[in-house]
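Structure file target_1.tsv; described as TSV, C-alpha atoms (C1' of nucleotides).
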chain	number	residue	atom	x	y	z
A	8	MET	CA	11.37	9.14	-22.13
A	9	THR	CA	12.85	8.87	-25.56
A	10	VAL	CA	12.13	5.17	-25.21
A	11	ASP	CA	14.05	4.88	-28.41
A	12	THR	CA	11.90	6.66	-30.91
A	13	SER	CA	13.96	5.08	-33.67
A	14	ALA	CA	12.90	1.64	-32.56
A	15	ARG	CA	9.27	2.66	-32.41
A	16	ILE	CA	9.57	4.06	-35.91
A	17	ARG	CA	11.04	0.78	-37.13
A	18	ALA	CA	8.24	-1.19	-35.52
A	19	ALA	CA	5.57	1.00	-37.07
A	20	ALA	CA	7.25	0.91	-40.46
A	21	LEU	CA	7.51	-2.86	-40.45
A	22	GLU	CA	3.88	-3.21	-39.49
A	23	LEU	CA	2.64	-0.83	-42.17
A	24	PHE	CA	5.03	-1.92	-44.90
A	25	SER	CA	4.08	-5.53	-44.49
A	26	ALA	CA	0.39	-4.75	-44.27
A	27	HIS	CA	0.12	-2.42	-47.27
A	28	GLY	CA	3.44	-2.62	-49.08
A	29	TYR	CA	6.36	-0.24	-49.26
A	30	GLU	CA	5.14	2.11	-52.00
A	31	GLN	CA	1.63	2.23	-50.61
A	32	THR	CA	2.83	3.31	-47.18
A	33	SER	CA	3.42	7.04	-46.77
A	34	LEU	CA	5.81	8.57	-44.27
A	35	ARG	CA	2.84	10.42	-42.88
A	36	GLU	CA	1.10	7.15	-41.96
A	37	ILE	CA	4.20	5.94	-40.19
A	38	ALA	CA	4.59	9.20	-38.34
A	39	ASP	CA	0.93	9.15	-37.28
A	40	GLN	CA	1.23	5.64	-35.95
A	41	VAL	CA	4.24	6.59	-33.85
A	42	GLY	CA	2.59	9.78	-32.74
A	43	ILE	CA	5.13	12.20	-34.24
A	44	THR	CA	5.13	14.23	-37.43
A	45	LYS	CA	6.43	13.39	-40.81
A	46	ALA	CA	9.25	15.88	-40.50
A	47	SER	CA	10.47	14.27	-37.31
A	48	LEU	CA	11.07	11.04	-39.14
A	49	TYR	CA	13.76	12.80	-41.09
A	50	TYR	CA	15.64	13.45	-37.91
A	51	HIS	CA	15.90	9.73	-37.26
A	52	TYR	CA	16.20	8.43	-40.80
A	53	PRO	CA	17.46	10.44	-43.75
A	54	SER	CA	14.99	8.85	-46.18
A	55	LYS	CA	12.27	6.28	-46.57
A	56	GLN	CA	14.82	4.04	-48.20
A	57	ALA	CA	17.21	4.24	-45.25
A	58	LEU	CA	14.35	3.30	-42.97
A	59	LEU	CA	13.69	0.19	-45.02
A	60	SER	CA	17.37	-0.72	-45.03
A	61	SER	CA	17.49	-0.52	-41.26
A	62	LEU	CA	14.82	-3.23	-41.20
A	63	VAL	CA	16.37	-5.46	-43.81
A	64	ASP	CA	20.05	-5.29	-42.92
A	65	PRO	CA	19.87	-7.47	-39.80
A	66	LEU	CA	18.01	-10.15	-41.72
A	67	VAL	CA	20.66	-10.19	-44.41
A	68	GLU	CA	23.30	-10.76	-41.75
A	69	ASP	CA	21.27	-13.55	-40.16
A	70	SER	CA	20.93	-15.26	-43.51
A	71	ARG	CA	24.59	-14.95	-44.19
A	72	ALA	CA	25.33	-16.66	-40.89
A	73	VAL	CA	23.11	-19.62	-41.77
A	74	ILE	CA	24.77	-20.09	-45.13
A	75	ASP	CA	28.30	-19.58	-43.87
A	76	GLU	CA	27.68	-22.33	-41.35
A	77	ALA	CA	26.09	-24.64	-43.92
A	78	GLU	CA	29.09	-24.43	-46.19
A	79	ARG	CA	31.29	-25.85	-43.46
A	80	LEU	CA	29.22	-29.05	-43.52
A	81	GLU	CA	28.73	-31.91	-45.96
A	82	PRO	CA	25.25	-31.94	-47.51
A	83	THR	CA	24.25	-35.22	-45.90
A	84	PRO	CA	20.52	-35.77	-45.30
A	85	GLU	CA	20.93	-35.00	-41.59
A	86	ASN	CA	22.86	-31.81	-42.25
A	87	VAL	CA	20.44	-30.71	-44.94
A	88	ARG	CA	17.56	-31.12	-42.56
A	89	ALA	CA	19.37	-29.19	-39.85
A	90	VAL	CA	20.31	-26.33	-42.15
A	91	LEU	CA	16.85	-26.08	-43.69
A	92	GLY	CA	15.47	-26.12	-40.17
A	93	ARG	CA	17.61	-23.15	-39.25
A	94	GLN	CA	16.53	-21.35	-42.39
A	95	LEU	CA	12.89	-22.07	-41.63
A	96	ASP	CA	13.31	-20.79	-38.08
A	97	THR	CA	14.62	-17.51	-39.42
A	98	ILE	CA	11.68	-17.25	-41.79
A	99	LEU	CA	9.14	-17.95	-39.06
A	100	ARG	CA	10.83	-15.62	-36.59
A	101	GLU	CA	10.98	-12.74	-39.09
A	102	GLN	CA	7.76	-13.64	-40.79
A	103	SER	CA	6.40	-10.19	-41.51
A	104	LEU	CA	9.70	-8.90	-42.83
A	105	CYS	CA	10.27	-11.96	-45.00
A	106	GLY	CA	6.73	-11.73	-46.26
A	107	LEU	CA	7.38	-8.16	-47.29
A	108	LEU	CA	10.48	-9.17	-49.22
A	109	VAL	CA	8.53	-11.86	-51.07
A	110	ARG	CA	5.25	-10.13	-51.76
A	111	ASP	CA	6.72	-6.72	-52.53
A	112	ALA	CA	9.79	-7.90	-54.37
A	113	VAL	CA	9.73	-5.29	-57.13
A	114	ALA	CA	9.69	-2.43	-54.67
A	115	MET	CA	12.50	-4.08	-52.71
A	116	ILE	CA	14.60	-4.47	-55.83
A	117	ALA	CA	14.05	-0.85	-56.76
A	118	VAL	CA	14.90	0.48	-53.33
A	119	LEU	CA	17.51	-1.97	-52.08
A	120	ALA	CA	19.36	-2.59	-55.32
A	121	PRO	CA	22.77	-3.39	-53.82
A	122	ARG	CA	21.45	-5.21	-50.77
A	123	TRP	CA	19.14	-7.19	-53.01
A	124	GLU	CA	22.03	-8.45	-55.09
A	125	GLU	CA	23.61	-9.61	-51.86
A	126	LEU	CA	20.48	-11.52	-50.95
A	127	LEU	CA	20.41	-13.19	-54.36
A	128	GLY	CA	24.03	-14.16	-53.92
A	129	LEU	CA	23.31	-15.73	-50.55
A	130	GLN	CA	20.39	-17.64	-52.04
A	131	SER	CA	22.57	-18.93	-54.84
A	132	ARG	CA	25.09	-20.25	-52.37
A	133	MET	CA	22.32	-22.04	-50.54
A	134	TYR	CA	20.98	-23.57	-53.74
A	135	ALA	CA	24.43	-24.73	-54.69
A	136	TRP	CA	25.10	-26.28	-51.32
A	137	LEU	CA	21.75	-28.05	-51.27
A	138	ALA	CA	22.18	-29.41	-54.77
A	139	GLY	CA	25.67	-30.63	-53.99
A	140	PRO	CA	28.86	-30.27	-56.03
A	141	GLY	CA	28.55	-30.75	-59.79
A	142	ALA	CA	24.78	-31.07	-59.64
A	143	SER	CA	22.66	-31.47	-62.79
A	144	PRO	CA	20.34	-28.62	-63.85
A	145	SER	CA	17.42	-30.74	-62.79
A	146	ARG	CA	18.88	-31.18	-59.33
A	147	CYS	CA	19.49	-27.42	-59.04
A	148	VAL	CA	15.84	-26.78	-59.86
A	149	ARG	CA	14.85	-29.18	-57.13
A	150	ALA	CA	17.08	-27.33	-54.68
A	151	MET	CA	15.29	-24.10	-55.58
A	152	ALA	CA	11.93	-25.77	-55.16
A	153	ALA	CA	12.96	-27.04	-51.73
A	154	LEU	CA	13.70	-23.51	-50.58
A	155	GLU	CA	10.41	-22.26	-52.02
A	156	THR	CA	8.67	-24.86	-49.95
A	157	LEU	CA	9.94	-23.22	-46.77
A	158	ALA	CA	8.49	-19.93	-47.95
A	159	VAL	CA	4.93	-21.24	-48.10
A	160	PRO	CA	3.86	-19.50	-44.86
A	161	LEU	CA	4.93	-16.17	-46.34
A	162	LYS	CA	2.52	-16.19	-49.25
A	163	ALA	CA	-0.31	-18.31	-48.00
A	164	ALA	CA	-0.72	-16.09	-44.92
A	165	GLY	CA	-4.50	-16.03	-44.96
A	166	GLN	CA	-4.90	-19.45	-46.51
A	167	LEU	CA	-2.96	-21.60	-44.09
A	168	PRO	CA	-5.25	-24.05	-42.30
A	169	PRO	CA	-5.26	-23.92	-38.49
A	170	ILE	CA	-2.12	-25.84	-37.58
A	171	ASP	CA	0.26	-25.62	-34.68
A	172	GLU	CA	3.71	-24.28	-35.28
A	173	ASP	CA	5.58	-27.51	-34.58
A	174	GLU	CA	3.46	-29.48	-37.00
A	175	LEU	CA	3.85	-26.77	-39.63
A	176	ARG	CA	7.58	-26.85	-39.17
A	177	THR	CA	7.81	-30.62	-39.48
A	178	THR	CA	5.49	-30.72	-42.48
A	179	LEU	CA	7.48	-28.12	-44.38
A	180	LEU	CA	10.81	-29.75	-43.62
A	181	ASP	CA	9.51	-33.15	-44.69
A	182	ALA	CA	8.13	-31.63	-47.88
A	183	ALA	CA	11.41	-29.86	-48.65
A	184	LEU	CA	13.36	-33.08	-48.17
A	185	ALA	CA	10.90	-34.94	-50.37
A	186	VAL	CA	11.55	-32.42	-53.14
A	187	LEU	CA	15.24	-33.16	-52.82
A	188	GLY	CA	14.55	-36.88	-52.87
A	189	LEU	CA	15.81	-37.42	-49.30
A	190	HIS	CA	13.54	-39.15	-46.83
B	25	MET	CA	-2.73	0.88	-90.06
B	26	THR	CA	-4.18	1.09	-86.60
B	27	VAL	CA	-2.56	-2.30	-86.15
B	28	ASP	CA	-4.55	-2.37	-82.99
B	29	THR	CA	-3.02	0.31	-80.87
B	30	SER	CA	-4.77	-1.19	-77.86
B	31	ALA	CA	-2.85	-4.41	-78.35
B	32	ARG	CA	0.42	-2.53	-78.67
B	33	ILE	CA	-0.37	-0.69	-75.47
B	34	ARG	CA	-1.07	-3.95	-73.68
B	35	ALA	CA	2.18	-5.43	-74.92
B	36	ALA	CA	4.20	-2.43	-73.80
B	37	ALA	CA	2.45	-2.34	-70.45
B	38	LEU	CA	3.09	-6.01	-69.80
B	39	GLU	CA	6.74	-5.62	-70.69
B	40	LEU	CA	7.27	-2.59	-68.48
B	41	PHE	CA	5.10	-3.74	-65.58
B	42	SER	CA	6.92	-7.04	-65.38
B	43	ALA	CA	10.32	-5.43	-65.74
B	44	HIS	CA	9.90	-2.62	-63.21
B	45	GLY	CA	6.66	-3.31	-61.37
B	46	TYR	CA	3.25	-1.70	-61.58
B	47	GLU	CA	3.76	1.32	-59.35
B	48	GLN	CA	7.19	2.03	-60.74
B	49	THR	CA	5.91	2.19	-64.29
B	50	SER	CA	4.39	5.51	-65.31
B	51	LEU	CA	1.83	5.96	-68.03
B	52	ARG	CA	4.34	8.23	-69.72
B	53	GLU	CA	6.84	5.38	-70.07
B	54	ILE	CA	4.21	3.16	-71.59
B	55	ALA	CA	3.11	5.90	-73.97
B	56	ASP	CA	6.71	6.59	-75.01
B	57	GLN	CA	7.32	2.93	-75.72
B	58	VAL	CA	4.24	2.77	-77.95
B	59	GLY	CA	5.11	6.06	-79.56
B	60	ILE	CA	2.03	7.98	-78.51
B	61	THR	CA	1.33	10.45	-75.71
B	62	LYS	CA	0.11	9.86	-72.24
B	63	ALA	CA	-3.23	11.43	-73.03
B	64	SER	CA	-3.82	9.07	-75.92
B	65	LEU	CA	-3.66	6.13	-73.57
B	66	TYR	CA	-6.81	7.43	-72.00
B	67	TYR	CA	-8.63	7.07	-75.27
B	68	HIS	CA	-7.94	3.34	-75.17
B	69	TYR	CA	-8.08	2.67	-71.43
B	70	PRO	CA	-9.94	4.79	-68.92
B	71	SER	CA	-7.32	4.31	-66.21
B	72	LYS	CA	-4.05	2.62	-65.35
B	73	GLN	CA	-6.00	0.15	-63.33
B	74	ALA	CA	-8.23	-0.78	-66.26
B	75	LEU	CA	-5.13	-1.37	-68.34
B	76	LEU	CA	-3.80	-3.78	-65.76
B	77	SER	CA	-7.14	-5.54	-65.57
B	78	SER	CA	-7.16	-6.06	-69.31
B	79	LEU	CA	-3.93	-7.99	-68.90
B	80	VAL	CA	-4.99	-10.04	-65.91
B	81	ASP	CA	-8.57	-10.91	-66.77
B	82	PRO	CA	-7.80	-13.51	-69.46
B	83	LEU	CA	-5.41	-15.27	-67.11
B	84	VAL	CA	-8.06	-15.47	-64.42
B	85	GLU	CA	-10.43	-17.09	-66.89
B	86	ASP	CA	-7.76	-19.57	-67.99
B	87	SER	CA	-7.13	-20.53	-64.38
B	88	ARG	CA	-10.78	-20.95	-63.72
B	89	ALA	CA	-11.01	-23.33	-66.65
B	90	VAL	CA	-8.19	-25.49	-65.29
B	91	ILE	CA	-9.79	-25.72	-61.87
B	92	ASP	CA	-13.30	-26.29	-63.15
B	93	GLU	CA	-12.01	-29.21	-65.13
B	94	ALA	CA	-10.00	-30.59	-62.22
B	95	GLU	CA	-13.01	-30.69	-59.98
B	96	ARG	CA	-14.77	-33.03	-62.37
B	97	LEU	CA	-12.02	-35.62	-61.77
B	98	GLU	CA	-10.96	-37.80	-58.87
B	99	PRO	CA	-7.60	-36.73	-57.40
B	100	THR	CA	-5.82	-39.93	-58.42
B	101	PRO	CA	-2.07	-39.71	-58.97
B	102	GLU	CA	-2.54	-39.72	-62.77
B	103	ASN	CA	-5.18	-37.00	-62.66
B	104	VAL	CA	-3.14	-34.90	-60.24
B	105	ARG	CA	-0.18	-35.06	-62.56
B	106	ALA	CA	-2.32	-34.10	-65.55
B	107	VAL	CA	-3.94	-31.17	-63.77
B	108	LEU	CA	-0.68	-29.87	-62.36
B	109	GLY	CA	0.77	-30.19	-65.84
B	110	ARG	CA	-1.99	-28.00	-67.25
B	111	GLN	CA	-1.42	-25.47	-64.49
B	112	LEU	CA	2.30	-25.47	-65.18
B	113	ASP	CA	1.69	-24.96	-68.89
B	114	THR	CA	-0.37	-21.89	-68.13
B	115	ILE	CA	2.38	-20.54	-65.89
B	116	LEU	CA	5.06	-21.10	-68.49
B	117	ARG	CA	2.94	-19.68	-71.31
B	118	GLU	CA	2.08	-16.53	-69.34
B	119	GLN	CA	5.37	-16.34	-67.56
B	120	SER	CA	5.86	-12.59	-67.46
B	121	LEU	CA	2.31	-11.91	-66.35
B	122	CYS	CA	2.41	-14.60	-63.67
B	123	GLY	CA	5.76	-13.29	-62.53
B	124	LEU	CA	4.26	-9.86	-62.12
B	125	LEU	CA	1.43	-11.25	-60.00
B	126	VAL	CA	3.90	-13.03	-57.75
B	127	ARG	CA	6.64	-10.45	-57.42
B	128	ASP	CA	4.39	-7.41	-57.25
B	129	ALA	CA	1.67	-8.95	-55.16
B	130	VAL	CA	1.06	-5.96	-52.90
B	131	ALA	CA	0.45	-3.66	-55.84
B	132	MET	CA	-1.84	-6.25	-57.43
B	133	ILE	CA	-3.86	-6.58	-54.24
B	134	ALA	CA	-4.22	-2.82	-53.97
B	135	VAL	CA	-5.25	-2.34	-57.59
B	136	LEU	CA	-7.18	-5.53	-58.34
B	137	ALA	CA	-8.92	-5.98	-55.04
B	138	PRO	CA	-12.01	-7.82	-56.32
B	139	ARG	CA	-10.19	-9.77	-59.02
B	140	TRP	CA	-7.54	-10.72	-56.49
B	141	GLU	CA	-10.11	-12.24	-54.17
B	142	GLU	CA	-11.29	-14.29	-57.12
B	143	LEU	CA	-7.77	-15.55	-57.74
B	144	LEU	CA	-7.40	-16.51	-54.10
B	145	GLY	CA	-10.66	-18.37	-54.29
B	146	LEU	CA	-9.50	-20.28	-57.35
B	147	GLN	CA	-6.27	-21.16	-55.58
B	148	SER	CA	-8.14	-22.40	-52.56
B	149	ARG	CA	-10.24	-24.67	-54.71
B	150	MET	CA	-7.09	-26.07	-56.25
B	151	TYR	CA	-5.51	-26.65	-52.83
B	152	ALA	CA	-8.64	-28.38	-51.65
B	153	TRP	CA	-8.85	-30.64	-54.69
B	154	LEU	CA	-5.15	-31.56	-54.46
B	155	ALA	CA	-5.35	-32.31	-50.76
B	156	GLY	CA	-8.45	-34.42	-51.24
B	157	PRO	CA	-11.67	-34.46	-49.23
B	158	GLY	CA	-11.35	-34.15	-45.46
B	159	ALA	CA	-7.60	-33.62	-45.60
B	160	SER	CA	-5.53	-32.96	-42.48
B	161	PRO	CA	-3.95	-29.51	-41.99
B	162	SER	CA	-0.59	-31.05	-42.73
B	163	ARG	CA	-1.85	-32.42	-46.03
B	164	CYS	CA	-3.28	-29.02	-46.97
B	165	VAL	CA	0.09	-27.42	-46.35
B	166	ARG	CA	1.67	-29.97	-48.63
B	167	ALA	CA	-0.86	-29.16	-51.32
B	168	MET	CA	0.12	-25.50	-51.05
B	169	ALA	CA	3.78	-26.39	-51.23
B	170	ALA	CA	3.15	-28.46	-54.36
B	171	LEU	CA	1.64	-25.45	-56.11
B	172	GLU	CA	4.51	-23.25	-54.97
B	173	THR	CA	6.86	-25.69	-56.60
B	174	LEU	CA	5.31	-24.99	-59.97
B	175	ALA	CA	5.93	-21.28	-59.43
B	176	VAL	CA	9.69	-21.67	-59.12
B	177	PRO	CA	10.40	-20.34	-62.62
B	178	LEU	CA	8.57	-17.13	-61.74
B	179	LYS	CA	10.85	-16.08	-58.92
B	180	ALA	CA	14.10	-17.63	-59.86
B	181	ALA	CA	14.04	-15.97	-63.28
B	182	GLY	CA	17.71	-15.05	-63.38
B	183	GLN	CA	18.85	-17.95	-61.24
B	184	LEU	CA	17.52	-20.91	-63.18
B	185	PRO	CA	20.34	-23.04	-64.54
B	186	PRO	CA	20.39	-23.60	-68.31
B	187	ILE	CA	17.81	-26.30	-68.80
B	188	ASP	CA	15.51	-27.17	-71.63
B	189	GLU	CA	11.83	-26.60	-71.22
B	190	ASP	CA	10.79	-30.24	-71.30
B	191	GLU	CA	13.25	-31.20	-68.61
B	192	LEU	CA	12.21	-28.23	-66.49
B	193	ARG	CA	8.59	-29.26	-66.87
B	194	THR	CA	9.25	-32.86	-65.89
B	195	THR	CA	11.45	-31.89	-62.97
B	196	LEU	CA	8.88	-29.52	-61.51
B	197	LEU	CA	6.03	-31.98	-61.89
B	198	ASP	CA	8.06	-34.74	-60.26
B	199	ALA	CA	8.97	-32.41	-57.43
B	200	ALA	CA	5.37	-31.34	-56.92
B	201	LEU	CA	4.22	-34.95	-56.79
B	202	ALA	CA	6.99	-35.77	-54.35
B	203	VAL	CA	5.72	-33.03	-52.05
B	204	LEU	CA	2.29	-34.64	-52.17
B	205	GLY	CA	3.83	-38.02	-51.44
B	206	LEU	CA	2.79	-39.49	-54.83
B	207	HIS	CA	5.46	-41.11	-56.96
C	6	DG	C1'	13.99	15.92	-30.49
C	7	DT	C1'	10.02	17.53	-32.25
C	8	DC	C1'	7.10	20.84	-34.57
C	9	DT	C1'	5.07	24.23	-38.37
C	10	DA	C1'	5.34	25.69	-42.78
C	11	DT	C1'	6.53	25.33	-47.23
C	12	DA	C1'	8.98	24.29	-51.65
C	13	DC	C1'	9.18	20.96	-55.03
C	14	DC	C1'	8.24	17.36	-58.15
C	15	DA	C1'	6.05	13.35	-60.37
C	16	DG	C1'	2.25	10.98	-61.82
C	17	DG	C1'	-2.70	10.21	-62.82
C	18	DA	C1'	-6.31	12.27	-65.04
C	19	DT	C1'	-9.27	15.68	-67.95
C	20	DA	C1'	-10.61	19.37	-71.55
C	21	DG	C1'	-10.72	20.70	-75.93
C	22	DA	C1'	-8.39	21.48	-80.50
C	23	DC	C1'	-7.09	19.10	-84.73
D	4	DG	C1'	-7.04	8.66	-82.60
D	5	DT	C1'	-3.90	11.68	-81.26
D	6	DC	C1'	-2.12	16.03	-79.61
D	7	DT	C1'	-1.16	20.23	-76.24
D	8	DA	C1'	-2.04	22.23	-72.12
D	9	DT	C1'	-3.45	22.08	-67.57
D	10	DC	C1'	-5.27	20.51	-63.02
D	11	DC	C1'	-4.80	18.14	-58.78
D	12	DT	C1'	-3.16	15.09	-55.45
D	13	DG	C1'	0.20	13.21	-52.71
D	14	DG	C1'	4.73	12.09	-51.45
D	15	DT	C1'	9.68	13.76	-50.49
D	16	DA	C1'	12.47	16.86	-48.46
D	17	DT	C1'	14.26	21.18	-46.17
D	18	DA	C1'	14.39	25.46	-43.21
D	19	DG	C1'	13.97	27.29	-39.09
D	20	DA	C1'	11.32	28.03	-34.64
D	21	DC	C1'	10.66	25.98	-30.10
How would this structure read if it were set down as structure tokens?
Amino acid sequence: MTVDTSARIRAAALELFSAHGYEQTSLREIADQVGITKASLYYHYPSKQALLSSLVDPLVEDSRAVIDEAERLEPTPENVRAVLGRQLDTILREQSLCGLLVRDAVAMIAVLAPRWEELLGLQSRMYAWLAGPGASPSRCVRAMAALETLAVPLKAAGQLPPIDEDELRTTLLDAALAVLGLH
Amino acid sequence: MTVDTSARIRAAALELFSAHGYEQTSLREIADQVGITKASLYYHYPSKQALLSSLVDPLVEDSRAVIDEAERLEPTPENVRAVLGRQLDTILREQSLCGLLVRDAVAMIAVLAPRWEELLGLQSRMYAWLAGPGASPSRCVRAMAALETLAVPLKAAGQLPPIDEDELRTTLLDAALAVLGLH
DNA sequence: GTCTATACCAGGATAGAC
DNA sequence: GTCTATCCTGGTATAGAC
């Protein structure tokens, strides 16, 4: 077999981390879920931190791709909507991982220090692009608020009303554009 | 003296919790900062959890007051702006504590279980009032997004552009109203 | 590749003296 | 109100057998 034990470990870790948080999840719980022992985890990942990184790294690269592409475009209303749409798709696709990053931010900062700085840098580039060149402070704040809008499904988890995914997507994009003053 | 050691403990705890997170802050660090020993903390607070509660409880009561008052009003544009303004004032006044709740949510859930449910309940009431009676799912999502907008200063901390408090306040309120489609 | 066993350390909490 | 000393739990990590 060896149906990629590493992948099964990652899956279990993501599930438990996002359910109970990083600090609150012990390596023993992860091992139990996979059906191996704690010590065996150390064969696949040298530390709890490395395991977390293996989950987060691909997301960082995805985000970088979205921003790199955005910066090649003018921030016209159509382009803004398209870029925010791509960002929202990433968030919805990687919902549990993104939720972990948001709800367990302090643990992430502590454990991912360098990677976290990278993420902040990527976010700043996105803010700047959304706000446009030479934007006022007020406009920058609105750009931040627009991105927060897309993150609503990550925090509200249990509080979201029953709504189908397409309608959710459209609603959030419309709301984000409204924050930016583009309709 | 005894210039209220309990108060000094609370101040130190708030500072350290919001800087490094709840789990990452040890009772020893708090004690050191106050200039007493770990054991002495236990004279003032029976547990780490109780210490956290003593910080959070007043905020919960403040929030309840805002919502109780909102529910006595019709959600007209003027009233919505006034209520959101009061909510924003609370957030800005208790910025480090609110930031802790947002950034360290998983730890808060684990430690404050009952109190956390209360907070969620209060939030739901606010969503419901903002969205108005019999609101569509889409409108509820917008109400959530409007509240998230007010929380921007809590996450962006280091990324906020230099901006004076009044302008920040106006910008966020305008943005929140835009999300709700009220101008 | 996985297991058993174990060393190690940190943090929360308590007992009892002053 | 504060201290010293100590207990206990639980998580990290390693060694070495299978």
Give me the chain B side of the contact with chain C, cut-off 10 Å, one line per residue showing its nearest atom pair and distance in Å at one decimal, counting all atoms listed in the file, sorted by chain and residue number, as a tab-separated table.
residue	atom	partner	partner_atom	distance
B:Thr49	CA	C:DG16	C1'	9.8
B:Ser50	CA	C:DG16	C1'	6.8
B:Leu51	CA	C:DG16	C1'	8.0
B:Arg52	CA	C:DG16	C1'	8.6
B:Lys62	CA	C:DG17	C1'	9.8
B:Ala63	CA	C:DA18	C1'	8.6
B:Tyr66	CA	C:DA18	C1'	8.5
B:Pro70	CA	C:DA18	C1'	9.2
B:Ser71	CA	C:DA18	C1'	8.1
B:Lys72	CA	C:DG17	C1'	8.1
Write the residues of the selection above to a file with C-alpha atoms, as a short mmCIF file (atom, residue, chain, number, x, y, z; two decimals), in the frame of the given file.
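File written: out.cif
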data_model
loop_
_atom_site.label_atom_id
_atom_site.label_comp_id
_atom_site.auth_asym_id
_atom_site.auth_seq_id
_atom_site.Cartn_x
_atom_site.Cartn_y
_atom_site.Cartn_z
CA THR B 49 5.91 2.19 -64.29
CA SER B 50 4.39 5.51 -65.31
CA LEU B 51 1.83 5.96 -68.03
CA ARG B 52 4.34 8.23 -69.72
CA LYS B 62 0.11 9.86 -72.24
CA ALA B 63 -3.23 11.43 -73.03
CA TYR B 66 -6.81 7.43 -72.00
CA PRO B 70 -9.94 4.79 -68.92
CA SER B 71 -7.32 4.31 -66.21
CA LYS B 72 -4.05 2.62 -65.35
#
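When CA of Ile115 in chain B is paired with CA of Glu191 in chain B, their separation reads 15.5 Å.
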Define the interface residues of chain D facing chain A as those within 10 Å, counting only C-alpha atoms (C1' of nucleotides), and report them as a count of residues only. 5
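Residue nearest chain A within the list B:Ala129, B:Ala89, B:Ala175, B:Ala159: B:Ala129 [criterion: smallest interatomic distance, all atoms listed in the file].
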Near chain A, meaning an atom within 6 Å, which residues of chain B appear when counting only C-alpha atoms? Write them as a ChimeraX atom specification. /B:45,127-130,161,169,173,185,199,202-203
At what distance in Å, to one decimal, does CA of Val41 in chain A lie from CA of Asp11 in chain A? 11.3 Å
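In this model, the gap between CA of Gln102 in chain A and CA of Thr12 in chain A comes to 23.0 Å.
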Select, from B:Leu76, B:Ala31, B:Ile60, B:Leu206, the residue with the minimum atom-to-atom distance to DG4 in chain D, counting all atoms listed in the file. B:Ile60
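Shortest atom-to-atom contact with DC6 in chain D among B:Pro99, B:Cys122, B:Leu65, B:Leu112: B:Leu65, counting all atoms listed in the file.
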